file input_13.cif (mmCIF, C-alpha atoms)
data_final
#
loop_
_atom_site.label_atom_id
_atom_site.label_comp_id
_atom_site.auth_asym_id
_atom_site.auth_seq_id
_atom_site.Cartn_x
_atom_site.Cartn_y
_atom_site.Cartn_z
CA MET D 1 105.34 101.27 76.27
CA GLN D 2 108.55 99.61 75.44
CA PRO D 3 111.27 99.99 78.06
CA THR D 4 114.25 101.77 76.61
CA SER D 5 116.58 99.28 78.22
CA GLU D 6 115.34 96.47 75.96
CA LEU D 7 116.43 98.41 72.92
CA GLY D 8 119.93 99.14 74.11
CA ARG D 9 121.45 102.50 74.89
CA PRO D 10 120.02 105.17 72.60
CA ASP D 11 122.55 106.97 70.46
CA LEU D 12 121.91 110.66 70.91
CA VAL D 13 123.30 114.02 69.88
CA ALA D 14 122.83 117.19 71.91
CA LYS D 15 123.40 120.91 71.62
CA THR D 16 123.22 123.48 74.39
CA PHE D 17 123.01 127.24 74.84
CA LYS D 18 122.76 129.62 77.77
CA CYS D 19 119.66 131.71 78.36
CA MET D 20 117.41 132.88 81.19
CA GLY D 21 120.22 132.35 83.66
CA THR D 22 120.43 128.65 82.94
CA VAL D 23 121.43 126.18 80.25
CA VAL D 24 119.08 124.80 77.62
CA SER D 25 119.79 121.42 76.01
CA LEU D 26 118.20 120.00 72.88
CA THR D 27 118.80 116.28 72.38
CA VAL D 28 117.78 114.15 69.39
CA PRO D 29 118.50 110.58 68.30
CA ALA D 30 121.53 110.17 66.09
CA ALA D 31 120.68 108.53 62.81
CA THR D 32 120.85 104.73 63.19
CA GLY D 33 123.89 104.45 65.33
CA VAL D 34 126.05 106.76 63.26
CA ARG D 35 126.35 110.48 63.73
CA THR D 36 125.61 111.78 60.27
CA THR D 37 126.37 115.32 59.26
CA ALA D 38 122.74 115.67 58.16
CA ALA D 39 121.44 114.85 61.64
CA GLU D 40 123.92 117.22 63.24
CA ALA D 41 123.03 119.98 60.79
CA ALA D 42 119.31 119.54 61.47
CA LEU D 43 119.99 119.69 65.21
CA ALA D 44 122.15 122.78 64.84
CA GLU D 45 119.46 124.55 62.83
CA ALA D 46 116.72 123.58 65.30
CA THR D 47 118.82 124.67 68.28
CA GLY D 48 119.40 128.03 66.60
CA VAL D 49 115.66 128.55 66.17
CA VAL D 50 114.95 127.54 69.77
CA GLU D 51 117.71 129.81 71.07
CA ARG D 52 116.34 132.84 69.19
CA LEU D 53 112.91 132.14 70.66
CA PHE D 54 114.30 131.93 74.20
CA VAL D 55 116.39 135.08 73.72
CA GLU D 56 113.39 137.07 72.47
CA LEU D 57 111.24 136.03 75.44
CA ASP D 58 114.09 136.73 77.86
CA ALA D 59 114.65 140.18 76.36
CA ARG D 60 111.03 141.09 77.01
CA PHE D 61 110.35 139.35 80.33
CA SER D 62 113.62 139.27 82.26
CA LEU D 63 113.68 141.28 85.48
CA TYR D 64 117.48 140.98 85.39
CA ARG D 65 117.61 143.24 82.32
CA PRO D 66 116.94 146.88 83.29
CA GLY D 67 115.80 147.67 79.76
CA SER D 68 113.26 144.88 79.42
CA GLU D 69 109.57 145.55 79.21
CA ALA D 70 109.09 143.55 82.43
CA SER D 71 111.59 145.79 84.25
CA ARG D 72 109.84 148.91 82.97
CA VAL D 73 106.52 147.57 84.27
CA ALA D 74 108.17 146.63 87.58
CA ARG D 75 109.56 150.16 88.01
CA GLY D 76 106.17 151.64 87.25
CA GLU D 77 107.37 153.34 84.07
CA LEU D 78 104.95 151.34 81.99
CA SER D 79 101.39 150.54 83.00
CA LEU D 80 99.85 147.18 82.16
CA ARG D 81 97.40 149.05 79.98
CA ALA D 82 100.25 150.44 77.93
CA ALA D 83 102.24 147.21 77.87
CA SER D 84 102.58 145.09 74.73
CA GLN D 85 99.90 142.60 73.79
CA GLU D 86 102.40 139.81 74.43
CA TYR D 87 103.13 141.05 77.94
CA ARG D 88 99.45 141.45 78.74
CA ASP D 89 98.64 138.00 77.35
CA ARG D 90 101.22 136.44 79.64
CA TYR D 91 99.98 138.47 82.56
CA ALA D 92 96.41 137.34 81.88
CA GLU D 93 97.59 133.74 81.67
CA ALA D 94 99.36 134.11 85.02
CA VAL D 95 96.26 135.61 86.61
CA GLU D 96 94.22 132.69 85.31
CA TRP D 97 96.69 130.29 86.94
CA ARG D 98 96.36 132.25 90.17
CA LEU D 99 92.62 131.58 90.10
CA LEU D 100 93.06 127.91 89.20
CA THR D 101 95.57 127.39 92.01
CA GLU D 102 93.64 129.45 94.56
CA GLY D 103 96.50 131.88 94.83
CA ALA D 104 99.35 129.40 95.18
CA PHE D 105 100.70 130.64 91.87
CA THR D 106 100.88 134.38 91.55
CA PRO D 107 102.06 136.85 88.92
CA GLU D 108 103.21 139.25 91.61
CA ARG D 109 105.96 139.45 94.17
CA PRO D 110 104.89 140.08 97.76
CA ASP D 111 105.69 143.76 97.23
CA GLY D 112 103.12 143.87 94.44
CA VAL D 113 105.58 144.10 91.57
CA PRO D 114 104.45 142.05 88.55
CA ASP D 115 106.78 139.07 88.14
CA LEU D 116 106.04 136.61 85.35
CA SER D 117 109.29 134.69 85.64
CA GLY D 118 107.42 131.70 87.06
CA LEU D 119 105.62 131.36 83.76
CA VAL D 120 108.02 132.57 81.10
CA LYS D 121 110.42 129.65 81.00
CA GLY D 122 107.56 127.18 80.63
CA CYS D 123 106.10 129.30 77.85
CA ALA D 124 109.48 129.44 76.11
CA ILE D 125 109.77 125.64 76.25
CA LYS D 126 106.21 125.26 74.96
CA GLU D 127 106.78 127.63 72.05
CA ALA D 128 110.07 125.95 71.23
CA GLY D 129 108.31 122.59 71.19
CA ALA D 130 105.76 123.96 68.75
CA VAL D 131 108.42 124.92 66.20
CA LEU D 132 110.46 121.73 66.31
CA HIS D 133 107.96 119.54 64.48
CA PRO D 134 107.62 121.96 61.54
CA LEU D 135 111.43 121.87 61.37
CA GLY D 136 111.22 118.17 60.66
CA LEU D 137 112.09 116.86 64.11
CA GLY D 138 109.74 114.19 65.45
CA ASP D 139 111.96 112.84 68.24
CA TRP D 140 113.51 115.32 70.62
CA CYS D 141 114.07 116.19 74.26
CA LEU D 142 114.27 119.84 75.32
CA ASN D 143 115.61 120.54 78.80
CA ALA D 144 115.72 124.10 80.12
CA GLY D 145 117.36 124.23 83.53
CA GLY D 146 115.70 121.01 84.67
CA ASP D 147 112.28 121.48 83.09
CA VAL D 148 111.75 118.93 80.33
CA LEU D 149 109.54 118.61 77.28
CA VAL D 150 109.86 115.68 74.87
CA ALA D 151 108.33 114.35 71.68
CA GLY D 152 108.58 110.90 70.18
CA SER D 153 111.32 108.58 71.35
CA PRO D 154 115.07 108.54 71.96
CA ILE D 155 115.15 105.67 69.46
CA SER D 156 113.61 106.79 66.19
CA GLY D 157 110.78 104.64 64.99
CA SER D 158 110.28 102.90 68.33
CA ARG D 159 107.71 103.40 71.07
CA ALA D 160 110.44 103.62 73.69
CA SER D 161 110.01 106.47 76.14
CA TRP D 162 112.55 109.07 77.12
CA GLN D 163 113.72 108.31 80.66
CA ALA D 164 113.96 111.40 82.82
CA GLY D 165 115.93 111.21 86.03
CA ILE D 166 114.89 113.37 88.97
CA VAL D 167 117.61 114.91 91.09
CA ASP D 168 117.79 114.03 94.76
CA PRO D 169 117.58 117.42 96.50
CA GLN D 170 119.69 116.08 99.37
CA ASP D 171 122.48 114.99 97.04
CA ARG D 172 122.30 116.67 93.67
CA SER D 173 124.84 114.27 92.19
CA THR D 174 122.37 111.39 92.50
CA LEU D 175 118.88 110.65 91.25
CA ILE D 176 115.94 109.97 93.53
CA ALA D 177 113.56 108.71 90.85
CA ALA D 178 112.93 108.12 87.17
CA PHE D 179 109.93 108.96 85.04
CA PRO D 180 109.13 107.89 81.46
CA LEU D 181 108.13 110.63 79.03
CA GLY D 182 106.94 110.55 75.42
CA GLY D 183 107.06 107.23 73.58
CA GLY D 184 103.86 105.39 74.38
CA THR D 185 103.13 107.38 77.54
CA SER D 186 100.56 110.13 77.94
CA PHE D 187 103.03 112.51 79.54
CA GLY D 188 105.37 114.71 77.55
CA ALA D 189 106.43 117.25 80.15
CA LEU D 190 108.18 117.14 83.51
CA ALA D 191 109.01 120.13 85.67
CA THR D 192 110.70 120.37 89.05
CA SER D 193 110.62 123.29 91.45
CA GLY D 194 112.55 123.65 94.66
CA SER D 195 112.29 125.86 97.69
CA ALA D 196 116.07 126.04 98.15
CA GLU D 197 117.52 126.74 94.71
CA ARG D 198 116.63 129.97 92.96
CA GLY D 199 113.46 129.97 94.98
CA ASP D 200 113.19 133.69 94.52
CA HIS D 201 110.23 133.30 92.19
CA ILE D 202 108.28 131.09 94.57
CA TRP D 203 106.37 132.82 97.31
CA THR D 204 104.72 130.63 99.88
CA ARG D 205 101.25 131.27 101.16
CA GLY D 206 101.53 133.13 104.41
CA SER D 207 104.97 133.71 105.79
CA GLY D 208 106.21 130.24 106.65
CA PRO D 209 108.78 128.27 104.72
CA SER D 210 107.62 125.71 102.18
CA GLU D 211 106.60 122.25 103.41
CA PHE D 212 108.36 120.81 100.39
CA ARG D 213 111.97 120.95 99.45
CA GLN D 214 111.35 119.79 95.89
CA VAL D 215 108.28 119.07 93.82
CA THR D 216 108.18 117.35 90.42
CA VAL D 217 105.08 117.33 88.24
CA ALA D 218 104.54 115.32 85.05
CA ALA D 219 101.82 116.56 82.71
CA ALA D 220 100.90 116.52 79.05
CA ASP D 221 102.14 120.09 78.62
CA ILE D 222 105.09 121.92 80.12
CA VAL D 223 103.29 125.06 81.33
CA THR D 224 100.89 122.99 83.45
CA ALA D 225 103.77 120.92 84.80
CA ASP D 226 105.88 123.99 85.58
CA VAL D 227 103.13 126.10 87.12
CA LEU D 228 101.80 123.25 89.26
CA ALA D 229 105.28 122.30 90.50
CA THR D 230 105.81 125.91 91.57
CA SER D 231 102.32 126.05 93.08
CA VAL D 232 102.77 122.93 95.19
CA VAL D 233 106.05 124.24 96.59
CA ALA D 234 104.21 127.44 97.48
CA GLY D 235 100.88 125.96 98.55
CA GLY D 236 101.98 122.80 100.36
CA VAL D 237 99.93 119.64 100.82
CA ARG D 238 96.67 121.44 100.24
CA MET D 239 97.81 122.52 96.79
CA LEU D 240 99.31 119.09 96.15
CA ASN D 241 95.90 117.47 96.68
CA ARG D 242 94.26 120.11 94.57
CA ALA D 243 96.73 119.46 91.75
CA THR D 244 96.30 115.68 91.76
CA SER D 245 92.51 115.88 91.85
CA GLY D 246 92.13 118.72 89.38
CA TRP D 247 94.66 117.88 86.67
CA GLU D 248 95.90 114.83 84.82
CA VAL D 249 99.28 114.84 86.51
CA GLU D 250 101.72 112.68 88.40
CA VAL D 251 103.53 114.29 91.32
CA LEU D 252 106.63 113.48 93.35
CA ALA D 253 106.93 115.80 96.34
CA ILE D 254 109.86 115.67 98.74
CA ARG D 255 109.36 117.09 102.20
CA ASN D 256 111.96 119.08 104.04
CA ASP D 257 112.73 116.03 106.19
CA GLY D 258 113.33 113.88 103.09
CA GLY D 259 109.96 112.11 103.26
CA ILE D 260 108.25 111.46 99.94
CA LEU D 261 104.67 111.94 98.82
CA ALA D 262 103.98 110.52 95.37
CA THR D 263 101.14 109.61 93.05
CA PRO D 264 100.97 106.01 91.71
CA GLY D 265 102.80 106.93 88.50
CA PHE D 266 106.00 107.34 90.49
CA ARG D 267 105.64 104.02 92.26
CA ALA D 268 108.04 101.30 91.18
CA MET K 1 86.66 120.54 95.19
CA ALA K 2 88.91 120.26 98.15
CA GLY K 3 89.84 116.67 97.36
CA TRP K 4 88.96 113.59 99.27
CA GLN K 5 91.13 114.43 102.25
CA SER K 6 88.07 115.90 103.89
CA GLY K 7 86.78 112.37 103.95
CA THR K 8 89.44 111.33 106.41
CA HIS K 9 88.19 113.68 109.05
CA VAL K 10 86.79 111.90 112.00
CA ALA K 11 83.55 113.75 111.62
CA GLY K 12 80.07 113.02 112.85
CA THR K 13 79.30 110.58 110.08
CA ALA K 14 82.60 108.79 110.33
CA SER K 15 82.45 105.56 112.24
CA ALA K 16 85.09 103.25 113.51
CA VAL K 17 84.04 99.90 112.12
CA GLY K 18 86.65 97.96 113.97
CA SER K 19 90.12 96.87 113.12
CA THR K 20 89.63 94.28 110.41
CA THR K 21 93.29 94.01 109.67
CA GLY K 22 94.27 93.53 113.26
CA SER K 23 97.56 94.58 114.72
CA THR K 24 99.65 91.56 113.95
CA GLY K 25 102.73 93.66 113.42
CA THR K 26 103.38 92.33 109.94
CA GLY K 27 104.58 95.70 108.79
CA SER K 28 107.93 95.23 110.38
CA THR K 29 110.03 96.80 107.64
CA GLY K 30 111.50 99.87 109.18
CA PRO K 31 108.84 101.00 111.61
CA GLY K 32 110.77 104.20 112.16
CA THR K 33 110.54 105.43 108.61
CA SER K 34 107.05 104.17 107.94
CA GLY K 35 105.97 105.85 111.12
CA SER K 36 107.17 109.21 109.96
CA ALA K 37 105.55 108.62 106.61
CA GLY K 38 102.35 107.92 108.44
CA SER K 39 102.47 111.14 110.31
CA SER K 40 102.90 112.87 106.97
CA ALA K 41 99.67 111.33 105.82
CA GLN K 42 97.91 112.52 108.92
CA SER K 43 98.99 116.07 108.46
CA SER K 44 97.91 115.96 104.84
CA GLY K 45 94.60 114.52 105.82
CA THR K 46 93.83 117.18 108.34
CA THR K 47 95.10 120.16 106.42
CA GLY K 48 92.60 122.95 106.52
CA SER K 49 90.53 121.43 109.28
CA SER K 50 91.94 122.88 112.42
CA GLY K 51 90.72 121.24 115.55
CA THR K 52 90.32 117.71 114.28
CA SER K 53 93.97 116.80 114.38
CA GLY K 54 93.80 115.92 118.03
CA SER K 55 90.98 113.47 117.61
CA THR K 56 92.59 112.08 114.47
CA GLY K 57 95.76 111.48 116.39
CA ALA K 58 93.91 109.65 119.11
CA ALA K 59 92.02 107.59 116.58
CA ALA K 60 95.21 106.83 114.73
CA LYS K 61 96.77 105.44 117.87
CA ALA K 62 93.74 103.26 118.42
CA GLY K 63 93.87 101.83 114.93
CA GLY K 64 90.95 100.62 112.86
CA SER K 65 89.06 101.59 109.75
CA TYR K 66 87.36 104.90 109.25
CA ALA K 67 84.84 105.74 106.58
CA GLY K 68 84.89 109.28 105.30
CA ASN K 69 82.20 111.57 104.05
CA VAL K 70 80.94 111.35 100.49
CA VAL K 71 82.87 113.96 98.54
CA GLN K 72 81.87 115.40 95.19
CA THR K 73 84.74 115.26 92.69
CA ARG K 74 84.94 116.13 89.03
CA PHE K 75 84.26 112.45 88.35
CA GLY K 76 81.22 112.26 90.62
CA PRO K 77 80.63 111.26 94.25
CA VAL K 78 83.44 109.41 96.01
CA GLN K 79 83.79 107.93 99.46
CA VAL K 80 86.90 106.36 100.86
CA GLN K 81 87.87 104.40 103.92
CA ILE K 82 91.23 104.50 105.64
CA THR K 83 92.76 101.77 107.71
CA VAL K 84 94.99 102.89 110.54
CA ASN K 85 97.57 100.59 112.01
CA GLY K 86 99.95 101.62 114.77
CA GLY K 87 99.60 105.30 113.98
CA THR K 88 100.12 104.79 110.24
CA ILE K 89 97.56 104.88 107.47
CA SER K 90 98.11 101.39 106.13
CA ASP K 91 95.41 101.33 103.48
CA VAL K 92 93.00 103.54 101.61
CA THR K 93 90.06 101.85 99.95
CA ALA K 94 87.26 103.31 97.88
CA LEU K 95 83.79 102.59 99.23
CA GLN K 96 82.13 104.49 96.44
CA LEU K 97 83.61 105.30 93.06
CA THR K 98 82.19 106.78 89.94
CA ASP K 99 82.32 104.88 86.70
CA ASP K 100 82.67 107.50 84.04
CA GLY K 101 84.12 105.65 81.09
CA GLY K 102 86.68 103.93 83.23
CA ARG K 103 88.07 107.20 84.50
CA SER K 104 87.26 106.34 88.08
CA VAL K 105 90.80 105.01 88.34
CA GLN K 106 91.90 108.62 88.41
CA ILE K 107 90.50 108.98 91.86
CA SER K 108 93.36 106.94 93.19
CA ASN K 109 95.77 109.50 91.82
CA TYR K 110 96.44 110.75 95.31
CA ALA K 111 99.94 111.52 96.48
CA ALA K 112 100.61 109.05 99.28
CA PRO K 113 103.67 108.59 101.47
CA LEU K 114 106.25 106.45 99.73
CA LEU K 115 109.55 105.08 100.93
CA ARG K 116 112.58 105.80 98.80
CA GLU K 117 112.89 102.21 97.70
CA GLU K 118 109.27 102.23 96.56
CA VAL K 119 109.86 105.00 94.05
CA LEU K 120 110.67 104.29 90.39
CA GLN K 121 114.43 104.04 90.52
CA ALA K 122 116.87 105.60 88.11
CA GLN K 123 120.52 105.08 87.34
CA SER K 124 122.15 108.06 85.74
CA ALA K 125 123.45 105.73 83.04
CA ASN K 126 119.91 104.82 82.00
CA VAL K 127 118.33 108.25 81.68
CA GLN K 128 118.44 110.65 78.75
CA THR K 129 117.59 113.83 80.62
CA ILE K 130 117.54 115.22 84.15
CA SER K 131 114.82 117.15 85.92
CA GLY K 132 115.62 119.18 88.98
CA ALA K 133 115.02 122.54 90.53
CA THR K 134 116.35 125.15 88.13
CA VAL K 135 120.11 125.18 87.97
CA THR K 136 121.98 128.38 87.28
CA SER K 137 124.43 128.53 84.40
CA ASP K 138 127.25 128.14 86.91
CA ALA K 139 125.67 125.22 88.75
CA TYR K 140 124.99 123.55 85.41
CA LEU K 141 128.70 122.90 84.95
CA THR K 142 128.70 120.35 87.77
CA SER K 143 125.20 119.00 87.15
CA LEU K 144 124.17 115.56 85.96
CA GLN K 145 122.52 117.14 82.92
CA ALA K 146 125.87 118.65 81.93
CA ALA K 147 127.43 115.18 82.08
CA LEU K 148 124.69 113.80 79.84
CA ASP K 149 125.04 116.67 77.40
CA ALA K 150 128.81 116.26 77.32
CA ALA K 151 128.39 112.62 76.37
CA HIS K 152 126.19 113.62 73.43
CA LEU K 153 127.89 116.78 72.21
#
call {"tool": "encode", "arguments": {"input": "input_13.cif", "output": "structure tokens"}}
result
Amino acid sequence: MQPTSELGRPDLVAKTFKCMGTVVSLTVPAATGVRTTAAEAALAEATGVVERLFVELDARFSLYRPGSEASRVARGELSLRAASQEYRDRYAEAVEWRLLTEGAFTPERPDGVPDLSGLVKGCAIKEAGAVLHPLGLGDWCLNAGGDVLVAGSPISGSRASWQAGIVDPQDRSTLIAAFPLGGGTSFGALATSGSAERGDHIWTRGSGPSEFRQVTVAAADIVTADVLATSVVAGGVRMLNRATSGWEVEVLAIRNDGGILATPGFRA
Amino acid sequence: MAGWQSGTHVAGTASAVGSTTGSTGTGSTGPGTSGSAGSSAQSSGTTGSSGTSGSTGAAAKAGGSYAGNVVQTRFGPVQVQITVNGGTISDVTALQLTDDGGRSVQISNYAAPLLREEVLQAQSANVQTISGATVTSDAYLTSLQAALDAAHL
């Protein structure tokens, strides 16, 4: 792995759009130091495809849209049996994660209403990642509200990794850590979950508050990273140990008192 | 597969083999913070084993090395030993590791207490993307990711 710093500051172009209550950014290297119209056009086209994909998933799975299939299931108007294949596939995937995480991840709110929002954003990022390569993009970084999936390098043709910064939950204008993704590394995805911000989709085991204020998980794929980050916030140290022994992941977990638990990959 | 933390229990098979590292007080860098980190490790070690925390606490105060039980992992049998110094777990060593195509290194992939300065550091000028707990569209406007995006738009 070649440190990005030795190759100078990467020259990048980015495009953003709003979806799923957050902002999605797609960033690619600019062509050899100059922003060409071709590179910008390719990025614009790719961002359009990714946005349509996010919008379609949001239309089906958002609980904030009264007309969505997820809302109809939540209100009991639509049974799982009568739901679309896509909805049932996601539900089955969520149930599988519940088994794998011993209940730390769950496809249901405490009141029993099916809630797949803990899974849908990760799935949207994954599906978006799958369409970018066929569109001719080999180097890209997709960030959806703080969950990141990358391919290739910020410097085309190099083995340099993308450097992801991790927000300090005690001061969100600063970074608490860095983690290399893509390039020559074996990790392409990084997801962070918190118990304070938008924690409405994370339900802790039992009734107590989470042991962790923020949990970051690096994995080869974004769904694993996202689900495990959510699970460790919900399941505490027990789930943290389960995650690090059961999956090829690196984890940075920040306790409520600011203390840090981290796997060796996060050590300087 | 509950992980190796069960090995840190001061159970019947665990034996204090004496403090090999001694208590020379070399770990003088911020005893306050390392102490709290140590207590974190204890709580992680005793999670799910109610009743042993008291004896662990007493043992931790005494200091020394403690061998754990042999635990079956997905890589095979593993046994670890912890060294306790002044109430802090100062070292974890593997007494028994599997050798499955060099993957035994994975067994050390345990989340241990780390001080802030021991974590891979990042300057916002040297990163290309930001990971954090999900920001809302409104919060995005003042986020670090927004600043990065603005620089590349």
call {"tool": "interface_residues", "arguments": {"input": "input_13.cif", "of": "chain D", "to": "chain K", "cutoff": "7 Å", "atoms": "all atoms listed in the file", "output": "MDAnalysis selection string"}}
result
chainID D and resid 12:15 18 21:23 145:148 162:167 173 175:178 191:194 197:198 237:238 241:242 244:245 251 259:264 266:268
call {"tool": "residues_around", "arguments": {"input": "input_13.cif", "residues": "segment 114-129 of chain D", "least_positions_apart": "4", "cutoff": "9 Å", "atoms": "only C-alpha atoms", "output": "ChimeraX atom specification"}}
result
/D:20,49-51,53-54,57-58,61-63,70,73-74,90-91,93-94,105-109,133,140,142-144,147-151,191,201-202,221-227,230
call {"tool": "atom_distance", "arguments": {"input": "input_13.cif", "atom1": "atom CA of Gly64 of chain K", "atom2": "atom CA of Leu240 of chain D"}}
result
26.3 Å
call {"tool": "atom_distance", "arguments": {"input": "input_13.cif", "atom1": "atom CA of Gln170 of chain D", "atom2": "atom CA of Leu252 of chain D"}}
result
14.6 Å
call {"tool": "atom_distance", "arguments": {"input": "input_13.cif", "atom1": "atom CA of Val217 of chain D", "atom2": "atom CA of Pro154 of chain D"}}
result
21.0 Å
call {"tool": "closest_residue", "arguments": {"input": "input_13.cif", "among": "D:Gly112, D:Pro29, D:Gly183, D:Pro209", "to": "Ser158 of chain D", "atoms": "only C-alpha atoms"}}
result
D:Gly183
call {"tool": "resolve_selection", "arguments": {"input": "input_13.cif", "expression": "the PyMOL selection byres ((chain D and resi 101) around 9)", "output": "JSON, numbers by chain"}}
result
{"D": [96, 97, 98, 99, 100, 102, 103, 104, 105, 106, 228, 231, 235, 239, 242, 243]}
call {"tool": "resolve_selection", "arguments": {"input": "input_13.cif", "expression": "the PyMOL selection byres ((chain D and resi 72) around 12)", "output": "PDB file with C-alpha atoms, in the coordinates of the input"}}
result
ATOM      1  CA  ALA D  59     114.650 140.180  76.360  1.00  0.00           C
ATOM      2  CA  ARG D  60     111.030 141.090  77.010  1.00  0.00           C
ATOM      3  CA  PHE D  61     110.350 139.350  80.330  1.00  0.00           C
ATOM      4  CA  SER D  62     113.620 139.270  82.260  1.00  0.00           C
ATOM      5  CA  LEU D  63     113.680 141.280  85.480  1.00  0.00           C
ATOM      6  CA  TYR D  64     117.480 140.980  85.390  1.00  0.00           C
ATOM      7  CA  ARG D  65     117.610 143.240  82.320  1.00  0.00           C
ATOM      8  CA  PRO D  66     116.940 146.880  83.290  1.00  0.00           C
ATOM      9  CA  GLY D  67     115.800 147.670  79.760  1.00  0.00           C
ATOM     10  CA  SER D  68     113.260 144.880  79.420  1.00  0.00           C
ATOM     11  CA  GLU D  69     109.570 145.550  79.210  1.00  0.00           C
ATOM     12  CA  ALA D  70     109.090 143.550  82.430  1.00  0.00           C
ATOM     13  CA  SER D  71     111.590 145.790  84.250  1.00  0.00           C
ATOM     14  CA  VAL D  73     106.520 147.570  84.270  1.00  0.00           C
ATOM     15  CA  ALA D  74     108.170 146.630  87.580  1.00  0.00           C
ATOM     16  CA  ARG D  75     109.560 150.160  88.010  1.00  0.00           C
ATOM     17  CA  GLY D  76     106.170 151.640  87.250  1.00  0.00           C
ATOM     18  CA  GLU D  77     107.370 153.340  84.070  1.00  0.00           C
ATOM     19  CA  LEU D  78     104.950 151.340  81.990  1.00  0.00           C
ATOM     20  CA  SER D  79     101.390 150.540  83.000  1.00  0.00           C
ATOM     21  CA  LEU D  80      99.850 147.180  82.160  1.00  0.00           C
ATOM     22  CA  ALA D  82     100.250 150.440  77.930  1.00  0.00           C
ATOM     23  CA  ALA D  83     102.240 147.210  77.870  1.00  0.00           C
ATOM     24  CA  SER D  84     102.580 145.090  74.730  1.00  0.00           C
ATOM     25  CA  TYR D  87     103.130 141.050  77.940  1.00  0.00           C
ATOM     26  CA  VAL D 113     105.580 144.100  91.570  1.00  0.00           C
ATOM     27  CA  PRO D 114     104.450 142.050  88.550  1.00  0.00           C
ATOM     28  CA  ASP D 115     106.780 139.070  88.140  1.00  0.00           C
TER      29      ASP D 115
END
call {"tool": "resolve_selection", "arguments": {"input": "input_13.cif", "expression": "the PyMOL selection byres ((chain D and resi 219) around 6)", "output": "list in words"}}
result
Phe187, Ala189, Ala218, Ala220, Asp221, Ala225 and Val249 of chain D
